[in-house]
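Below: final.txt (compact mmCIF, N, CA and C atoms)
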```
# COMPACT_ATOMS: atom_id res chain seq x y z
N MET V 1 -91.11 -59.88 3.28
CA MET V 1 -90.38 -59.49 2.09
C MET V 1 -91.26 -58.53 1.29
N GLN V 2 -90.62 -57.54 0.72
CA GLN V 2 -91.33 -56.57 -0.10
C GLN V 2 -91.65 -57.17 -1.47
N PRO V 3 -92.79 -56.82 -2.07
CA PRO V 3 -93.16 -57.38 -3.37
C PRO V 3 -92.12 -57.11 -4.47
N TRP V 4 -91.52 -55.92 -4.46
CA TRP V 4 -90.55 -55.64 -5.50
C TRP V 4 -89.32 -56.54 -5.37
N ARG V 5 -88.95 -56.89 -4.13
CA ARG V 5 -87.81 -57.80 -3.94
C ARG V 5 -88.16 -59.21 -4.41
N ALA V 6 -89.36 -59.66 -4.10
CA ALA V 6 -89.80 -60.98 -4.55
C ALA V 6 -89.82 -61.02 -6.07
N ASN V 7 -90.27 -59.94 -6.70
CA ASN V 7 -90.31 -59.86 -8.15
C ASN V 7 -88.89 -59.88 -8.72
N PHE V 8 -87.97 -59.13 -8.10
CA PHE V 8 -86.59 -59.08 -8.57
C PHE V 8 -85.94 -60.46 -8.48
N ILE V 9 -86.11 -61.13 -7.35
CA ILE V 9 -85.52 -62.47 -7.18
C ILE V 9 -86.14 -63.44 -8.16
N ASN V 10 -87.46 -63.39 -8.33
CA ASN V 10 -88.14 -64.25 -9.29
C ASN V 10 -87.62 -63.97 -10.71
N GLY V 11 -87.48 -62.70 -11.05
CA GLY V 11 -86.96 -62.34 -12.37
C GLY V 11 -85.56 -62.85 -12.61
N LEU V 12 -84.71 -62.75 -11.58
CA LEU V 12 -83.34 -63.27 -11.71
C LEU V 12 -83.33 -64.78 -11.91
N ILE V 13 -84.12 -65.48 -11.11
CA ILE V 13 -84.17 -66.93 -11.21
C ILE V 13 -84.68 -67.35 -12.58
N LEU V 14 -85.77 -66.73 -13.04
CA LEU V 14 -86.31 -67.08 -14.35
C LEU V 14 -85.33 -66.74 -15.46
N SER V 15 -84.63 -65.63 -15.34
CA SER V 15 -83.68 -65.23 -16.38
C SER V 15 -82.50 -66.20 -16.46
N VAL V 16 -81.92 -66.50 -15.33
CA VAL V 16 -80.74 -67.38 -15.33
C VAL V 16 -81.12 -68.80 -15.75
N LEU V 17 -82.17 -69.34 -15.14
CA LEU V 17 -82.56 -70.71 -15.48
C LEU V 17 -83.16 -70.79 -16.88
N GLY V 18 -83.84 -69.73 -17.31
CA GLY V 18 -84.37 -69.71 -18.67
C GLY V 18 -83.26 -69.66 -19.71
N LEU V 19 -82.21 -68.90 -19.43
CA LEU V 19 -81.06 -68.85 -20.34
C LEU V 19 -80.38 -70.21 -20.38
N TRP V 20 -80.20 -70.83 -19.23
CA TRP V 20 -79.60 -72.16 -19.16
C TRP V 20 -80.46 -73.16 -19.94
N ALA V 21 -81.76 -73.13 -19.75
CA ALA V 21 -82.65 -74.04 -20.47
C ALA V 21 -82.58 -73.80 -21.97
N GLY V 22 -82.57 -72.54 -22.37
CA GLY V 22 -82.54 -72.22 -23.78
C GLY V 22 -81.26 -72.66 -24.46
N LEU V 23 -80.16 -72.55 -23.75
CA LEU V 23 -78.87 -72.92 -24.34
C LEU V 23 -78.64 -74.42 -24.37
N THR V 24 -79.31 -75.15 -23.50
CA THR V 24 -79.11 -76.60 -23.45
C THR V 24 -80.23 -77.39 -24.11
N SER V 25 -81.21 -76.70 -24.65
CA SER V 25 -82.36 -77.38 -25.26
C SER V 25 -82.38 -77.14 -26.76
N ASP V 26 -83.01 -78.06 -27.46
CA ASP V 26 -83.19 -77.90 -28.90
C ASP V 26 -84.41 -77.05 -29.23
N SER V 27 -85.25 -76.82 -28.25
CA SER V 27 -86.51 -76.11 -28.47
C SER V 27 -86.33 -74.61 -28.21
N GLY V 28 -86.84 -73.80 -29.11
CA GLY V 28 -86.80 -72.36 -28.93
C GLY V 28 -87.72 -71.88 -27.82
N THR V 29 -88.71 -72.68 -27.49
CA THR V 29 -89.64 -72.28 -26.43
C THR V 29 -88.98 -72.31 -25.05
N ALA V 30 -87.80 -72.90 -24.97
CA ALA V 30 -87.09 -72.95 -23.70
C ALA V 30 -86.64 -71.55 -23.26
N PHE V 31 -86.65 -70.59 -24.18
CA PHE V 31 -86.27 -69.22 -23.85
C PHE V 31 -87.44 -68.41 -23.27
N ILE V 32 -88.63 -68.97 -23.21
CA ILE V 32 -89.79 -68.25 -22.69
C ILE V 32 -89.58 -67.81 -21.24
N PRO V 33 -89.05 -68.66 -20.35
CA PRO V 33 -88.80 -68.19 -18.98
C PRO V 33 -87.83 -67.00 -18.94
N LEU V 34 -86.87 -66.99 -19.85
CA LEU V 34 -85.95 -65.86 -19.93
C LEU V 34 -86.71 -64.58 -20.24
N ALA V 35 -87.65 -64.66 -21.17
CA ALA V 35 -88.45 -63.49 -21.52
C ALA V 35 -89.27 -63.00 -20.32
N PHE V 36 -89.90 -63.93 -19.61
CA PHE V 36 -90.64 -63.55 -18.40
C PHE V 36 -89.70 -62.90 -17.38
N GLY V 37 -88.54 -63.49 -17.19
CA GLY V 37 -87.59 -62.95 -16.23
C GLY V 37 -87.15 -61.54 -16.57
N VAL V 38 -86.87 -61.30 -17.84
CA VAL V 38 -86.46 -59.95 -18.26
C VAL V 38 -87.59 -58.95 -18.05
N ILE V 39 -88.81 -59.34 -18.38
CA ILE V 39 -89.97 -58.46 -18.15
C ILE V 39 -90.11 -58.15 -16.67
N PHE V 40 -89.97 -59.16 -15.81
CA PHE V 40 -90.08 -58.94 -14.37
C PHE V 40 -88.98 -58.00 -13.88
N LEU V 41 -87.77 -58.18 -14.39
CA LEU V 41 -86.67 -57.31 -13.98
C LEU V 41 -86.91 -55.87 -14.42
N ILE V 42 -87.48 -55.69 -15.61
CA ILE V 42 -87.80 -54.35 -16.10
C ILE V 42 -88.88 -53.71 -15.23
N CYS V 43 -89.82 -54.50 -14.75
CA CYS V 43 -90.93 -53.98 -13.93
C CYS V 43 -90.53 -53.68 -12.49
N THR V 44 -89.42 -54.23 -12.03
CA THR V 44 -89.03 -54.08 -10.62
C THR V 44 -88.93 -52.62 -10.16
N PRO V 45 -88.25 -51.72 -10.89
CA PRO V 45 -88.18 -50.33 -10.40
C PRO V 45 -89.55 -49.67 -10.27
N PHE V 46 -90.47 -50.01 -11.16
CA PHE V 46 -91.82 -49.45 -11.09
C PHE V 46 -92.56 -49.98 -9.87
N MET V 47 -92.35 -51.25 -9.55
CA MET V 47 -92.97 -51.82 -8.36
C MET V 47 -92.38 -51.19 -7.10
N ARG V 48 -91.09 -50.89 -7.15
CA ARG V 48 -90.44 -50.27 -6.00
C ARG V 48 -91.02 -48.88 -5.73
N GLN V 49 -91.50 -48.23 -6.78
CA GLN V 49 -92.12 -46.91 -6.65
C GLN V 49 -93.62 -47.01 -6.35
N GLN V 50 -94.07 -48.21 -6.01
CA GLN V 50 -95.46 -48.46 -5.62
C GLN V 50 -96.45 -48.27 -6.77
N ASN V 51 -96.04 -48.54 -7.99
CA ASN V 51 -96.93 -48.44 -9.14
C ASN V 51 -97.87 -49.65 -9.12
N LYS V 52 -99.13 -49.40 -8.81
CA LYS V 52 -100.09 -50.49 -8.62
C LYS V 52 -100.46 -51.17 -9.94
N ILE V 53 -100.50 -50.43 -11.01
CA ILE V 53 -100.85 -51.03 -12.31
C ILE V 53 -99.77 -52.05 -12.71
N VAL V 54 -98.52 -51.65 -12.58
CA VAL V 54 -97.42 -52.56 -12.91
C VAL V 54 -97.44 -53.76 -11.97
N ALA V 55 -97.72 -53.54 -10.71
CA ALA V 55 -97.78 -54.65 -9.75
C ALA V 55 -98.86 -55.66 -10.15
N HIS V 56 -100.00 -55.18 -10.58
CA HIS V 56 -101.06 -56.10 -10.99
C HIS V 56 -100.70 -56.82 -12.29
N ILE V 57 -100.05 -56.13 -13.20
CA ILE V 57 -99.59 -56.77 -14.44
C ILE V 57 -98.59 -57.88 -14.11
N VAL V 58 -97.67 -57.60 -13.19
CA VAL V 58 -96.68 -58.60 -12.80
C VAL V 58 -97.36 -59.81 -12.17
N VAL V 59 -98.38 -59.59 -11.37
CA VAL V 59 -99.10 -60.71 -10.77
C VAL V 59 -99.73 -61.59 -11.86
N VAL V 60 -100.38 -60.97 -12.82
CA VAL V 60 -101.01 -61.73 -13.91
C VAL V 60 -99.95 -62.50 -14.69
N LEU V 61 -98.84 -61.86 -15.01
CA LEU V 61 -97.77 -62.53 -15.75
C LEU V 61 -97.16 -63.67 -14.94
N THR V 62 -97.06 -63.48 -13.63
CA THR V 62 -96.52 -64.54 -12.78
C THR V 62 -97.44 -65.75 -12.77
N VAL V 63 -98.74 -65.50 -12.72
CA VAL V 63 -99.71 -66.61 -12.79
C VAL V 63 -99.60 -67.33 -14.13
N LEU V 64 -99.49 -66.56 -15.21
CA LEU V 64 -99.33 -67.18 -16.54
C LEU V 64 -98.06 -68.00 -16.62
N ALA V 65 -96.97 -67.48 -16.08
CA ALA V 65 -95.71 -68.23 -16.08
C ALA V 65 -95.86 -69.51 -15.28
N LEU V 66 -96.49 -69.40 -14.12
CA LEU V 66 -96.69 -70.56 -13.26
C LEU V 66 -97.49 -71.64 -13.99
N ILE V 67 -98.56 -71.26 -14.64
CA ILE V 67 -99.37 -72.21 -15.40
C ILE V 67 -98.55 -72.79 -16.56
N GLY V 68 -97.76 -71.93 -17.19
CA GLY V 68 -96.97 -72.36 -18.33
C GLY V 68 -95.85 -73.34 -17.99
N PHE V 69 -95.43 -73.39 -16.73
CA PHE V 69 -94.36 -74.31 -16.34
C PHE V 69 -94.86 -75.72 -16.06
N VAL V 70 -96.16 -75.94 -16.04
CA VAL V 70 -96.70 -77.26 -15.72
C VAL V 70 -96.35 -78.27 -16.82
N MET V 71 -96.56 -77.91 -18.07
CA MET V 71 -96.28 -78.85 -19.17
C MET V 71 -94.78 -79.16 -19.31
N PRO V 72 -93.90 -78.17 -19.21
CA PRO V 72 -92.47 -78.52 -19.26
C PRO V 72 -92.05 -79.43 -18.11
N LEU V 73 -92.67 -79.25 -16.94
CA LEU V 73 -92.35 -80.14 -15.82
C LEU V 73 -92.81 -81.55 -16.12
N ARG V 74 -94.01 -81.68 -16.67
CA ARG V 74 -94.50 -83.01 -17.03
C ARG V 74 -93.61 -83.66 -18.09
N GLY V 75 -93.19 -82.87 -19.08
CA GLY V 75 -92.30 -83.39 -20.11
C GLY V 75 -90.95 -83.81 -19.57
N SER V 76 -90.42 -83.02 -18.65
CA SER V 76 -89.12 -83.35 -18.04
C SER V 76 -89.21 -84.63 -17.24
N ILE V 77 -90.31 -84.79 -16.52
CA ILE V 77 -90.52 -86.00 -15.73
C ILE V 77 -90.65 -87.20 -16.66
N ALA V 78 -91.40 -87.04 -17.75
CA ALA V 78 -91.59 -88.14 -18.70
C ALA V 78 -90.26 -88.55 -19.35
N ARG V 79 -89.39 -87.58 -19.62
CA ARG V 79 -88.09 -87.88 -20.22
C ARG V 79 -87.09 -88.41 -19.20
N GLY V 80 -87.37 -88.18 -17.94
CA GLY V 80 -86.45 -88.58 -16.89
C GLY V 80 -85.22 -87.68 -16.83
N ASP V 81 -85.37 -86.45 -17.28
CA ASP V 81 -84.27 -85.48 -17.31
C ASP V 81 -84.20 -84.77 -15.96
N THR V 82 -83.31 -85.24 -15.09
CA THR V 82 -83.23 -84.74 -13.72
C THR V 82 -82.91 -83.25 -13.67
N LEU V 83 -81.95 -82.79 -14.46
CA LEU V 83 -81.60 -81.37 -14.45
C LEU V 83 -82.77 -80.50 -14.89
N ALA V 84 -83.49 -80.94 -15.91
CA ALA V 84 -84.65 -80.17 -16.37
C ALA V 84 -85.74 -80.15 -15.30
N ILE V 85 -85.93 -81.26 -14.61
CA ILE V 85 -86.93 -81.31 -13.54
C ILE V 85 -86.57 -80.31 -12.45
N ILE V 86 -85.30 -80.31 -12.04
CA ILE V 86 -84.85 -79.38 -11.00
C ILE V 86 -85.00 -77.94 -11.47
N ARG V 87 -84.63 -77.69 -12.72
CA ARG V 87 -84.71 -76.33 -13.27
C ARG V 87 -86.15 -75.83 -13.30
N VAL V 88 -87.05 -76.62 -13.84
CA VAL V 88 -88.45 -76.20 -13.96
C VAL V 88 -89.11 -76.13 -12.59
N ALA V 89 -88.80 -77.09 -11.72
CA ALA V 89 -89.37 -77.06 -10.37
C ALA V 89 -88.91 -75.82 -9.61
N THR V 90 -87.66 -75.44 -9.79
CA THR V 90 -87.14 -74.23 -9.14
C THR V 90 -87.89 -73.00 -9.63
N MET V 91 -88.14 -72.93 -10.94
CA MET V 91 -88.88 -71.79 -11.49
C MET V 91 -90.32 -71.79 -10.97
N LEU V 92 -90.93 -72.97 -10.87
CA LEU V 92 -92.29 -73.06 -10.32
C LEU V 92 -92.33 -72.56 -8.88
N VAL V 93 -91.42 -73.03 -8.06
CA VAL V 93 -91.38 -72.63 -6.65
C VAL V 93 -91.13 -71.13 -6.53
N SER V 94 -90.24 -70.61 -7.36
CA SER V 94 -89.96 -69.18 -7.34
C SER V 94 -91.21 -68.37 -7.65
N CYS V 95 -91.97 -68.79 -8.64
CA CYS V 95 -93.23 -68.09 -8.99
C CYS V 95 -94.26 -68.21 -7.87
N ILE V 96 -94.34 -69.38 -7.25
CA ILE V 96 -95.29 -69.57 -6.15
C ILE V 96 -94.94 -68.67 -4.97
N VAL V 97 -93.66 -68.61 -4.61
CA VAL V 97 -93.24 -67.76 -3.50
C VAL V 97 -93.53 -66.29 -3.83
N ALA V 98 -93.23 -65.87 -5.06
CA ALA V 98 -93.51 -64.49 -5.45
C ALA V 98 -95.01 -64.19 -5.35
N LEU V 99 -95.83 -65.12 -5.81
CA LEU V 99 -97.29 -64.91 -5.73
C LEU V 99 -97.76 -64.80 -4.29
N VAL V 100 -97.21 -65.62 -3.41
CA VAL V 100 -97.59 -65.56 -2.00
C VAL V 100 -97.24 -64.18 -1.44
N VAL V 101 -96.05 -63.68 -1.77
CA VAL V 101 -95.64 -62.35 -1.29
C VAL V 101 -96.57 -61.28 -1.87
N PHE V 102 -96.91 -61.38 -3.17
CA PHE V 102 -97.80 -60.39 -3.78
C PHE V 102 -99.17 -60.39 -3.12
N ILE V 103 -99.72 -61.57 -2.92
CA ILE V 103 -101.06 -61.68 -2.32
C ILE V 103 -101.05 -61.15 -0.89
N LYS V 104 -100.00 -61.49 -0.13
CA LYS V 104 -99.90 -60.98 1.23
C LYS V 104 -99.82 -59.46 1.23
N SER V 105 -99.08 -58.90 0.29
CA SER V 105 -98.96 -57.45 0.19
C SER V 105 -100.30 -56.80 -0.13
N PHE V 106 -101.03 -57.40 -1.08
CA PHE V 106 -102.35 -56.86 -1.45
C PHE V 106 -103.30 -56.93 -0.26
N ARG V 107 -103.27 -58.04 0.47
CA ARG V 107 -104.14 -58.18 1.64
C ARG V 107 -103.80 -57.18 2.73
N ASP V 108 -102.49 -57.00 2.96
CA ASP V 108 -102.07 -56.02 3.97
C ASP V 108 -102.49 -54.61 3.58
N ALA V 109 -102.37 -54.28 2.31
CA ALA V 109 -102.76 -52.94 1.84
C ALA V 109 -104.28 -52.75 2.00
N ARG V 110 -105.03 -53.77 1.74
CA ARG V 110 -106.49 -53.70 1.85
C ARG V 110 -106.89 -53.51 3.31
N ARG V 111 -106.20 -54.20 4.22
CA ARG V 111 -106.54 -54.11 5.64
C ARG V 111 -106.18 -52.77 6.23
N SER V 112 -105.16 -52.12 5.68
CA SER V 112 -104.72 -50.85 6.25
C SER V 112 -105.61 -49.67 5.85
N VAL V 113 -106.53 -49.92 4.92
CA VAL V 113 -107.42 -48.84 4.45
C VAL V 113 -108.58 -48.65 5.39
```
Rewrite the coordinates I just gave you, this time as structure tokens.
Amino acid sequence: MQPWRANFINGLILSVLGLWAGLTSDSGTAFIPLAFGVIFLICTPFMRQQNKIVAHIVVVLTVLALIGFVMPLRGSIARGDTLAIIRVATMLVSCIVALVVFIKSFRDARRSV
């Protein structure tokens, strides 16, 4: 899979699930995944054009998002909120898959030099 596609899919997942979380939660911080998703979607065309700076920024933001989803997952588990657990776990997995694709792409680019 191409990194820009992984970023696009990750951005869509974070946007949709972040909007769902924000609309069903009392906390304003539930919209944070939506913000990450929108940023990733905005960066997708630049990644498609092989912009390395944007690609590295997206990787850093993806790592931050991944780290940021740990506490909401713990909170969802503590509350026993099954839908929230599924939602946050899906966003975590999406970020992990995107990171794996990004790292594989960086390694392949390094090897081809």
- Query: Counting only C-alpha atoms, which of V:Phe69, V:Phe31, V:Phe46, V:Phe40 gets nearest to V:Ala98?
  - Reply: V:Phe40
- Query: What separation in Å, quoted to one decimal, exists between atom N of V:Arg74 and atom N of V:Leu41?
  - Reply: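 Straight-line distance from atom N of V:Arg74 to atom N of V:Leu41 works out to 24.4 Å.
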- Query: Which residue out of V:Leu92, V:Cys43, V:Asn10, V:Asp26 has the minimum interatomic distance to V:Ala55 when only C-alpha atoms are used?
  - Reply: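 Closest to V:Ala55, using only C-alpha atoms: V:Cys43.
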- Mind pulling up the distance from atom CA of V:Pro3 to atom N of V:Phe102?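 So the answer is 5.5 Å.
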- Query: Hey, can you check how far atom N of V:Asn51 sits from atom C of V:Arg87?
  - Reply: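 Distance reported for this atom pair: 29.5 Å.
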- Item | Pick from V:Val113, V:Ile67, V:Val101, V:Leu34, whichever lies nearest to V:Trp4 using only N, CA and C atoms |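 Closest to V:Trp4, using only N, CA and C atoms: V:Val101.
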- Using only C-alpha atoms, which of the listed residues (V:Leu73, V:Leu17, V:Leu83, V:Ala6) sits closest to V:Arg48?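 Residue with the minimum atom-to-atom distance to V:Arg48: V:Ala6.
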- Item | Nearest to V:Gly11 by atom-to-atom distance, counting all atoms listed in the file, from V:Gln50, V:Ser25, V:Ser105, V:Ser94 |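 Among V:Gln50, V:Ser25, V:Ser105, V:Ser94, it is V:Ser94 that comes nearest to V:Gly11.
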- Message: My list of candidates is V:Ile32, V:Val93, V:Leu61, V:Leu99. Which is closest to V:Val16 when distances are computed with only C-alpha atoms?
- Response: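 For V:Val16, the nearest of the given residues is V:Ile32.
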- Message: Considering only alpha helix (DSSP H) as DSSP defines it on the backbone, what residues of chain V qualify? List them as a ChimeraX atom specification.
- Response: /V:3-24,32-48,52-68,70-79,82-111
- Hey, what's within 10 Å of V:Ile13 if we count only C-alpha atoms and toss same-chain stuff fewer than 4 positions away? As a list in words, please?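 Near neighbours after the sequence-gap exclusion: Asn7, Phe8, Ile9, Leu17, Gly18, Leu19, Pro33, Leu34, Gly37, Arg87, Thr90, Met91, Ser94 and Cys95 of chain V.
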Prev. selection, N, CA and C atoms, output as an mmCIF file, in the frame of the given file:
```
data_model
loop_
_atom_site.group_PDB
_atom_site.id
_atom_site.type_symbol
_atom_site.label_atom_id
_atom_site.label_comp_id
_atom_site.auth_asym_id
_atom_site.auth_seq_id
_atom_site.Cartn_x
_atom_site.Cartn_y
_atom_site.Cartn_z
ATOM 1 N N ASN V 7 -90.270 -59.940 -6.700
ATOM 2 C CA ASN V 7 -90.310 -59.860 -8.150
ATOM 3 C C ASN V 7 -88.890 -59.880 -8.720
ATOM 4 N N PHE V 8 -87.970 -59.130 -8.100
ATOM 5 C CA PHE V 8 -86.590 -59.080 -8.570
ATOM 6 C C PHE V 8 -85.940 -60.460 -8.480
ATOM 7 N N ILE V 9 -86.110 -61.130 -7.350
ATOM 8 C CA ILE V 9 -85.520 -62.470 -7.180
ATOM 9 C C ILE V 9 -86.140 -63.440 -8.160
ATOM 10 N N LEU V 17 -82.170 -69.340 -15.140
ATOM 11 C CA LEU V 17 -82.560 -70.710 -15.480
ATOM 12 C C LEU V 17 -83.160 -70.790 -16.880
ATOM 13 N N GLY V 18 -83.840 -69.730 -17.310
ATOM 14 C CA GLY V 18 -84.370 -69.710 -18.670
ATOM 15 C C GLY V 18 -83.260 -69.660 -19.710
ATOM 16 N N LEU V 19 -82.210 -68.900 -19.430
ATOM 17 C CA LEU V 19 -81.060 -68.850 -20.340
ATOM 18 C C LEU V 19 -80.380 -70.210 -20.380
ATOM 19 N N PRO V 33 -89.050 -68.660 -20.350
ATOM 20 C CA PRO V 33 -88.800 -68.190 -18.980
ATOM 21 C C PRO V 33 -87.830 -67.000 -18.940
ATOM 22 N N LEU V 34 -86.870 -66.990 -19.850
ATOM 23 C CA LEU V 34 -85.950 -65.860 -19.930
ATOM 24 C C LEU V 34 -86.710 -64.580 -20.240
ATOM 25 N N GLY V 37 -88.540 -63.490 -17.190
ATOM 26 C CA GLY V 37 -87.590 -62.950 -16.230
ATOM 27 C C GLY V 37 -87.150 -61.540 -16.570
ATOM 28 N N ARG V 87 -84.630 -77.690 -12.720
ATOM 29 C CA ARG V 87 -84.710 -76.330 -13.270
ATOM 30 C C ARG V 87 -86.150 -75.830 -13.300
ATOM 31 N N THR V 90 -87.660 -75.440 -9.790
ATOM 32 C CA THR V 90 -87.140 -74.230 -9.140
ATOM 33 C C THR V 90 -87.890 -73.000 -9.630
ATOM 34 N N MET V 91 -88.140 -72.930 -10.940
ATOM 35 C CA MET V 91 -88.880 -71.790 -11.490
ATOM 36 C C MET V 91 -90.320 -71.790 -10.970
ATOM 37 N N SER V 94 -90.240 -70.610 -7.360
ATOM 38 C CA SER V 94 -89.960 -69.180 -7.340
ATOM 39 C C SER V 94 -91.210 -68.370 -7.650
ATOM 40 N N CYS V 95 -91.970 -68.790 -8.640
ATOM 41 C CA CYS V 95 -93.230 -68.090 -8.990
ATOM 42 C C CYS V 95 -94.260 -68.210 -7.870
#
```
